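Here the structure comes first, spelled out in structure tokens, and everything after it is commentary.
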Number of protein chains: 2
Amino acid sequence: MREKLDRLQRQLDFILELDKLKTVLRQTSLVDGSRQETSSDHSWHIATMALLLLEHADEEVDLLRVLKMLLVHDVVEIDAGDTFCYDTQAVQSQRQREEEAAQRLFGLLPDDQRDELEALWEEFEQRASPEARFAGALDRFQAVLLNHATGGGSWRLHGISVEQVTERNQPIGEGSTLLWNHVRKLLDDAVERRLLVP
Amino acid sequence: MREKLDRLQRQLDFILELDKLKTVLRQTSLVDGSRQETSSDHSWHIATMALLLLEHADEEVDLLRVLKMLLVHDVVEIDAGDTFCYDTQAVQSQRQREEEAAQRLFGLLPDDQRDELEALWEEFEQRASPEARFAGALDRFQAVLLNHATGGGSWRLHGISVEQVTERNQPIGEGSTLLWNHVRKLLDDAVERRLLVP
């Protein structure tokens, strides 16, 4: 019983620490434009999208593992912040900042859970499995959907070109050909409406 | 292919509609007190808690079904709003408002997915399975954690008594005896520190 309560305490320490992800702001805005979305908003949104879009994964995937990955993939941002993917300087230091964050944050948990979450995060980062490729596709697909739905959103704000967006989002095609084809249609539309620099 | 694209379009209509859950405010505040949490924050938090606290469920549960339930359990609030559980008048009309919301929102999806999500939501609401009882326990447990961590939070704000909180949270004990025992410790502490009216 003592051991069980110790485990619970470590789990709760981590769970209270997780609360901070609700204060990490992303570059994308809500569809209604009222504010930037947080990494917690985003994590919920893409996990729910995984349930709904599973049938469009190119490879057979284990949905439970996809969900686990999506729920924890941004936890490192509690320490490392959200890195804007088109900020080349920030991207250079991203990996080191996030590794240190993973060590501290997952280290709050009992060892077995620390190991499981670290491995899931690493698998996601490396796109090292069908689950990681599908999860990674959803992560990027959601940002495209929101930027398109908000009249260009962070693309317009930062003068990002369609070539940059296309290159950044290539990994969507590694997870789902159908979603990637949809992205290309959205990007064509965005160029036509001058939401994206051609 | 035509049919596949039609399905995708319905799924995306629902996914963009889901974005609105990020604007639904709950009574609980973030641990740092900076703002109220949203229903999307909350849904992400409890889904991630489910991964971590699974071992404390009293009955054997299928984690995938628990996660599905937690991810969609608050979607009806997009139309019906968050109902404060101690507001007896609002609680009276809650069921009808939420049923109408479920019909409209899940109705955006292809029929098979509409049926699956409606059934999951109903199962959660009725606490009709081990998964629903564990999911329901986490839903309430998280609010207790946050209210305790924020010096009484919405309990203090609305002058809620320890009897009201105890009664409201009884269902935690239906999902996990260990978590319920922890809640009782937190409530004793809250009374001692006068965060809750005895």
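Labels for the structure tokens follow display order: chains A, B, ..., residues from 1 in each chain, ligands from 1.
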Those of chain B in DSSP strand (DSSP E), formatted as a ChimeraX atom specification: /B:25-29,36-38
Would you export the selected residues with all heavy atoms as a PDB file, in the first residue's frame, please?
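Written file, selection14.pdb:
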```pdb
ATOM      1  N   LEU B  25     -15.705  27.939 -21.310  1.00  0.00           N
ATOM      2  CA  LEU B  25     -15.002  28.084 -20.030  1.00  0.00           C
ATOM      3  C   LEU B  25     -15.647  27.243 -18.942  1.00  0.00           C
ATOM      4  O   LEU B  25     -16.870  27.198 -18.819  1.00  0.00           O
ATOM      5  CB  LEU B  25     -15.008  29.552 -19.589  1.00  0.00           C
ATOM      6  CG  LEU B  25     -14.222  30.510 -20.474  1.00  0.00           C
ATOM      7  CD1 LEU B  25     -14.349  31.936 -19.936  1.00  0.00           C
ATOM      8  CD2 LEU B  25     -12.754  30.113 -20.555  1.00  0.00           C
ATOM      9  N   ARG B  26     -14.808  26.595 -18.142  1.00  0.00           N
ATOM     10  CA  ARG B  26     -15.274  25.847 -16.985  1.00  0.00           C
ATOM     11  C   ARG B  26     -15.154  26.711 -15.724  1.00  0.00           C
ATOM     12  O   ARG B  26     -14.562  27.780 -15.746  1.00  0.00           O
ATOM     13  CB  ARG B  26     -14.417  24.588 -16.825  1.00  0.00           C
ATOM     14  CG  ARG B  26     -14.701  23.552 -17.902  1.00  0.00           C
ATOM     15  CD  ARG B  26     -13.670  22.445 -17.887  1.00  0.00           C
ATOM     16  NE  ARG B  26     -13.458  21.852 -16.593  1.00  0.00           N
ATOM     17  CZ  ARG B  26     -14.228  20.888 -16.051  1.00  0.00           C
ATOM     18  NH1 ARG B  26     -15.250  20.416 -16.724  1.00  0.00           N
ATOM     19  NH2 ARG B  26     -13.949  20.406 -14.855  1.00  0.00           N
ATOM     20  N   GLN B  27     -15.694  26.206 -14.633  1.00  0.00           N
ATOM     21  CA  GLN B  27     -15.600  26.943 -13.371  1.00  0.00           C
ATOM     22  C   GLN B  27     -14.206  26.865 -12.763  1.00  0.00           C
ATOM     23  O   GLN B  27     -13.798  27.749 -12.013  1.00  0.00           O
ATOM     24  CB  GLN B  27     -16.627  26.388 -12.369  1.00  0.00           C
ATOM     25  CG  GLN B  27     -18.065  26.677 -12.762  1.00  0.00           C
ATOM     26  CD  GLN B  27     -18.427  28.153 -12.616  1.00  0.00           C
ATOM     27  OE1 GLN B  27     -17.852  28.871 -11.817  1.00  0.00           O
ATOM     28  NE2 GLN B  27     -19.374  28.611 -13.431  1.00  0.00           N
ATOM     29  N   THR B  28     -13.484  25.797 -13.053  1.00  0.00           N
ATOM     30  CA  THR B  28     -12.150  25.618 -12.456  1.00  0.00           C
ATOM     31  C   THR B  28     -11.112  26.517 -13.137  1.00  0.00           C
ATOM     32  O   THR B  28     -11.217  26.821 -14.315  1.00  0.00           O
ATOM     33  CB  THR B  28     -11.691  24.154 -12.624  1.00  0.00           C
ATOM     34  OG1 THR B  28     -12.085  23.705 -13.926  1.00  0.00           O
ATOM     35  CG2 THR B  28     -12.303  23.259 -11.586  1.00  0.00           C
ATOM     36  N   SER B  29     -10.116  26.919 -12.337  1.00  0.00           N
ATOM     37  CA  SER B  29      -9.020  27.735 -12.869  1.00  0.00           C
ATOM     38  C   SER B  29      -7.784  26.885 -13.089  1.00  0.00           C
ATOM     39  O   SER B  29      -7.637  25.809 -12.508  1.00  0.00           O
ATOM     40  CB  SER B  29      -8.662  28.835 -11.872  1.00  0.00           C
ATOM     41  OG  SER B  29      -9.702  29.766 -11.795  1.00  0.00           O
ATOM     42  N   GLN B  36      -9.597  30.818 -16.206  1.00  0.00           N
ATOM     43  CA  GLN B  36     -10.390  29.591 -16.106  1.00  0.00           C
ATOM     44  C   GLN B  36      -9.890  28.604 -17.154  1.00  0.00           C
ATOM     45  O   GLN B  36      -9.378  29.021 -18.197  1.00  0.00           O
ATOM     46  CB  GLN B  36     -11.860  29.902 -16.390  1.00  0.00           C
ATOM     47  CG  GLN B  36     -12.566  30.643 -15.274  1.00  0.00           C
ATOM     48  CD  GLN B  36     -13.898  31.219 -15.758  1.00  0.00           C
ATOM     49  OE1 GLN B  36     -13.953  32.353 -16.224  1.00  0.00           O
ATOM     50  NE2 GLN B  36     -14.947  30.414 -15.672  1.00  0.00           N
ATOM     51  N   GLU B  37     -10.038  27.327 -16.868  1.00  0.00           N
ATOM     52  CA  GLU B  37      -9.659  26.389 -17.922  1.00  0.00           C
ATOM     53  C   GLU B  37     -10.822  26.218 -18.894  1.00  0.00           C
ATOM     54  O   GLU B  37     -11.979  26.472 -18.552  1.00  0.00           O
ATOM     55  CB  GLU B  37      -9.175  25.042 -17.375  1.00  0.00           C
ATOM     56  CG  GLU B  37     -10.198  24.193 -16.711  1.00  0.00           C
ATOM     57  CD  GLU B  37      -9.735  22.746 -16.492  1.00  0.00           C
ATOM     58  OE1 GLU B  37      -8.643  22.358 -16.935  1.00  0.00           O
ATOM     59  OE2 GLU B  37     -10.503  22.001 -15.869  1.00  0.00           O
ATOM     60  N   THR B  38     -10.492  25.799 -20.109  1.00  0.00           N
ATOM     61  CA  THR B  38     -11.525  25.543 -21.107  1.00  0.00           C
ATOM     62  C   THR B  38     -11.856  24.045 -21.102  1.00  0.00           C
ATOM     63  O   THR B  38     -11.104  23.229 -20.552  1.00  0.00           O
ATOM     64  CB  THR B  38     -11.049  25.923 -22.522  1.00  0.00           C
ATOM     65  OG1 THR B  38      -9.914  25.113 -22.838  1.00  0.00           O
ATOM     66  CG2 THR B  38     -10.653  27.401 -22.590  1.00  0.00           C
TER      67      THR B  38
END
```
Find the residues of chain B that sit at most 7 Å from chain A; for each, write down the nearest two atoms and how far apart they are in Å, to one decimal. Count only C-alpha atoms. Sort by chain, then by number going up, and give it as a Markdown table.
```
| residue | atom | partner | partner_atom | distance |
| --- | --- | --- | --- | --- |
| B:Gln11 | CA | A:Leu52 | CA | 6.8 |
| B:Ile15 | CA | A:Met49 | CA | 6.8 |
| B:Asp19 | CA | A:Val31 | CA | 6.6 |
| B:Lys22 | CA | A:Asp41 | CA | 6.3 |
| B:Leu30 | CA | A:Asp19 | CA | 6.7 |
| B:Val31 | CA | A:Asp19 | CA | 6.6 |
| B:Ser40 | CA | A:Asp41 | CA | 5.4 |
| B:Asp41 | CA | A:Ser40 | CA | 5.4 |
| B:Ser43 | CA | A:Trp44 | CA | 6.6 |
| B:Trp44 | CA | A:Trp44 | CA | 4.8 |
| B:Thr48 | CA | A:Leu71 | CA | 6.0 |
| B:Met49 | CA | A:Ile15 | CA | 6.8 |
| B:Leu52 | CA | A:Gln11 | CA | 6.8 |
| B:Leu64 | CA | A:Leu64 | CA | 5.5 |
| B:Leu71 | CA | A:Thr48 | CA | 6.0 |
```
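Remark: for Ala102 in chain A, the closest of the candidate residues A:Val183, A:Ala190, A:Ile78, A:Ala137 is A:Ile78 (distances computed over only C-alpha atoms).
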Residues near range 160-175 of chain B, cut-off 6 Å, only C-alpha atoms, skip fewer than 4 positions along chain, as an MDAnalysis selection string: chainID B and resid 57:58 133:134 137 155 180 196:198
Could you save the residues just selected, with all heavy atoms, as a PDB file, in the first residue's frame?
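Saved result, out_31.pdb, follows:
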```pdb
ATOM      1  N   ALA B  57      -7.718   1.885 -11.446  1.00  0.00           N
ATOM      2  CA  ALA B  57      -9.134   1.570 -11.697  1.00  0.00           C
ATOM      3  C   ALA B  57      -9.514   0.320 -10.907  1.00  0.00           C
ATOM      4  O   ALA B  57      -8.741  -0.633 -10.846  1.00  0.00           O
ATOM      5  CB  ALA B  57      -9.365   1.349 -13.187  1.00  0.00           C
ATOM      6  N   ASP B  58     -10.708   0.321 -10.303  1.00  0.00           N
ATOM      7  CA  ASP B  58     -11.140  -0.845  -9.517  1.00  0.00           C
ATOM      8  C   ASP B  58     -11.479  -2.034 -10.404  1.00  0.00           C
ATOM      9  O   ASP B  58     -11.254  -3.183 -10.033  1.00  0.00           O
ATOM     10  CB  ASP B  58     -12.369  -0.483  -8.666  1.00  0.00           C
ATOM     11  CG  ASP B  58     -11.981   0.360  -7.449  1.00  0.00           C
ATOM     12  OD1 ASP B  58     -10.775   0.455  -7.145  1.00  0.00           O
ATOM     13  OD2 ASP B  58     -12.891   0.916  -6.810  1.00  0.00           O
ATOM     14  N   ARG B 133     -17.302   4.266 -15.788  1.00  0.00           N
ATOM     15  CA  ARG B 133     -17.143   4.600 -14.363  1.00  0.00           C
ATOM     16  C   ARG B 133     -15.742   5.141 -14.089  1.00  0.00           C
ATOM     17  O   ARG B 133     -15.574   6.093 -13.332  1.00  0.00           O
ATOM     18  CB  ARG B 133     -17.463   3.371 -13.488  1.00  0.00           C
ATOM     19  CG  ARG B 133     -18.966   3.096 -13.409  1.00  0.00           C
ATOM     20  CD  ARG B 133     -19.299   1.973 -12.436  1.00  0.00           C
ATOM     21  NE  ARG B 133     -18.997   0.648 -12.964  1.00  0.00           N
ATOM     22  CZ  ARG B 133     -19.812  -0.059 -13.757  1.00  0.00           C
ATOM     23  NH1 ARG B 133     -20.975   0.436 -14.117  1.00  0.00           N
ATOM     24  NH2 ARG B 133     -19.456  -1.255 -14.186  1.00  0.00           N
ATOM     25  N   PHE B 134     -14.752   4.558 -14.731  1.00  0.00           N
ATOM     26  CA  PHE B 134     -13.393   5.064 -14.527  1.00  0.00           C
ATOM     27  C   PHE B 134     -13.236   6.447 -15.171  1.00  0.00           C
ATOM     28  O   PHE B 134     -12.667   7.374 -14.576  1.00  0.00           O
ATOM     29  CB  PHE B 134     -12.362   4.079 -15.094  1.00  0.00           C
ATOM     30  CG  PHE B 134     -10.936   4.468 -14.827  1.00  0.00           C
ATOM     31  CD1 PHE B 134     -10.490   4.687 -13.526  1.00  0.00           C
ATOM     32  CD2 PHE B 134     -10.040   4.642 -15.874  1.00  0.00           C
ATOM     33  CE1 PHE B 134      -9.164   5.067 -13.277  1.00  0.00           C
ATOM     34  CE2 PHE B 134      -8.714   5.009 -15.629  1.00  0.00           C
ATOM     35  CZ  PHE B 134      -8.282   5.222 -14.333  1.00  0.00           C
ATOM     36  N   ALA B 137     -14.883   8.977 -13.040  1.00  0.00           N
ATOM     37  CA  ALA B 137     -14.083   9.251 -11.834  1.00  0.00           C
ATOM     38  C   ALA B 137     -12.992  10.268 -12.151  1.00  0.00           C
ATOM     39  O   ALA B 137     -12.771  11.222 -11.398  1.00  0.00           O
ATOM     40  CB  ALA B 137     -13.466   7.955 -11.315  1.00  0.00           C
ATOM     41  N   TRP B 155     -14.954  26.325  -5.376  1.00  0.00           N
ATOM     42  CA  TRP B 155     -15.666  26.031  -4.111  1.00  0.00           C
ATOM     43  C   TRP B 155     -15.779  27.317  -3.291  1.00  0.00           C
ATOM     44  O   TRP B 155     -16.832  27.656  -2.773  1.00  0.00           O
ATOM     45  CB  TRP B 155     -14.877  25.025  -3.247  1.00  0.00           C
ATOM     46  CG  TRP B 155     -14.651  23.691  -3.847  1.00  0.00           C
ATOM     47  CD1 TRP B 155     -15.434  23.059  -4.765  1.00  0.00           C
ATOM     48  CD2 TRP B 155     -13.569  22.798  -3.554  1.00  0.00           C
ATOM     49  NE1 TRP B 155     -14.901  21.832  -5.064  1.00  0.00           N
ATOM     50  CE2 TRP B 155     -13.759  21.638  -4.330  1.00  0.00           C
ATOM     51  CE3 TRP B 155     -12.459  22.853  -2.705  1.00  0.00           C
ATOM     52  CZ2 TRP B 155     -12.890  20.556  -4.290  1.00  0.00           C
ATOM     53  CZ3 TRP B 155     -11.587  21.776  -2.659  1.00  0.00           C
ATOM     54  CH2 TRP B 155     -11.798  20.651  -3.443  1.00  0.00           C
ATOM     55  N   TRP B 180     -10.623   7.889  -4.680  1.00  0.00           N
ATOM     56  CA  TRP B 180     -11.647   8.417  -3.761  1.00  0.00           C
ATOM     57  C   TRP B 180     -11.039   8.658  -2.368  1.00  0.00           C
ATOM     58  O   TRP B 180     -11.300   9.691  -1.739  1.00  0.00           O
ATOM     59  CB  TRP B 180     -12.835   7.459  -3.714  1.00  0.00           C
ATOM     60  CG  TRP B 180     -13.915   7.859  -2.754  1.00  0.00           C
ATOM     61  CD1 TRP B 180     -14.412   7.114  -1.719  1.00  0.00           C
ATOM     62  CD2 TRP B 180     -14.650   9.095  -2.726  1.00  0.00           C
ATOM     63  NE1 TRP B 180     -15.401   7.794  -1.058  1.00  0.00           N
ATOM     64  CE2 TRP B 180     -15.563   9.024  -1.659  1.00  0.00           C
ATOM     65  CE3 TRP B 180     -14.614  10.260  -3.503  1.00  0.00           C
ATOM     66  CZ2 TRP B 180     -16.446  10.059  -1.340  1.00  0.00           C
ATOM     67  CZ3 TRP B 180     -15.483  11.304  -3.187  1.00  0.00           C
ATOM     68  CH2 TRP B 180     -16.388  11.197  -2.118  1.00  0.00           C
ATOM     69  N   LEU B 196     -12.930  25.225   2.298  1.00  0.00           N
ATOM     70  CA  LEU B 196     -14.295  24.694   2.140  1.00  0.00           C
ATOM     71  C   LEU B 196     -15.038  24.956   3.448  1.00  0.00           C
ATOM     72  O   LEU B 196     -14.479  24.756   4.529  1.00  0.00           O
ATOM     73  CB  LEU B 196     -14.235  23.176   1.923  1.00  0.00           C
ATOM     74  CG  LEU B 196     -14.297  22.648   0.515  1.00  0.00           C
ATOM     75  CD1 LEU B 196     -14.084  21.141   0.529  1.00  0.00           C
ATOM     76  CD2 LEU B 196     -15.632  22.967  -0.158  1.00  0.00           C
ATOM     77  N   VAL B 197     -16.292  25.331   3.322  1.00  0.00           N
ATOM     78  CA  VAL B 197     -17.155  25.511   4.491  1.00  0.00           C
ATOM     79  C   VAL B 197     -17.445  24.121   5.077  1.00  0.00           C
ATOM     80  O   VAL B 197     -17.850  23.229   4.335  1.00  0.00           O
ATOM     81  CB  VAL B 197     -18.483  26.173   4.072  1.00  0.00           C
ATOM     82  CG1 VAL B 197     -19.312  26.523   5.277  1.00  0.00           C
ATOM     83  CG2 VAL B 197     -18.211  27.404   3.215  1.00  0.00           C
ATOM     84  N   PRO B 198     -17.230  23.905   6.361  1.00  0.00           N
ATOM     85  CA  PRO B 198     -17.479  22.581   6.952  1.00  0.00           C
ATOM     86  C   PRO B 198     -18.990  22.265   7.008  1.00  0.00           C
ATOM     87  O   PRO B 198     -19.803  23.142   6.853  1.00  0.00           O
ATOM     88  CB  PRO B 198     -16.923  22.667   8.368  1.00  0.00           C
ATOM     89  CG  PRO B 198     -16.549  24.087   8.618  1.00  0.00           C
ATOM     90  CD  PRO B 198     -16.796  24.897   7.375  1.00  0.00           C
TER      91      PRO B 198
END
```
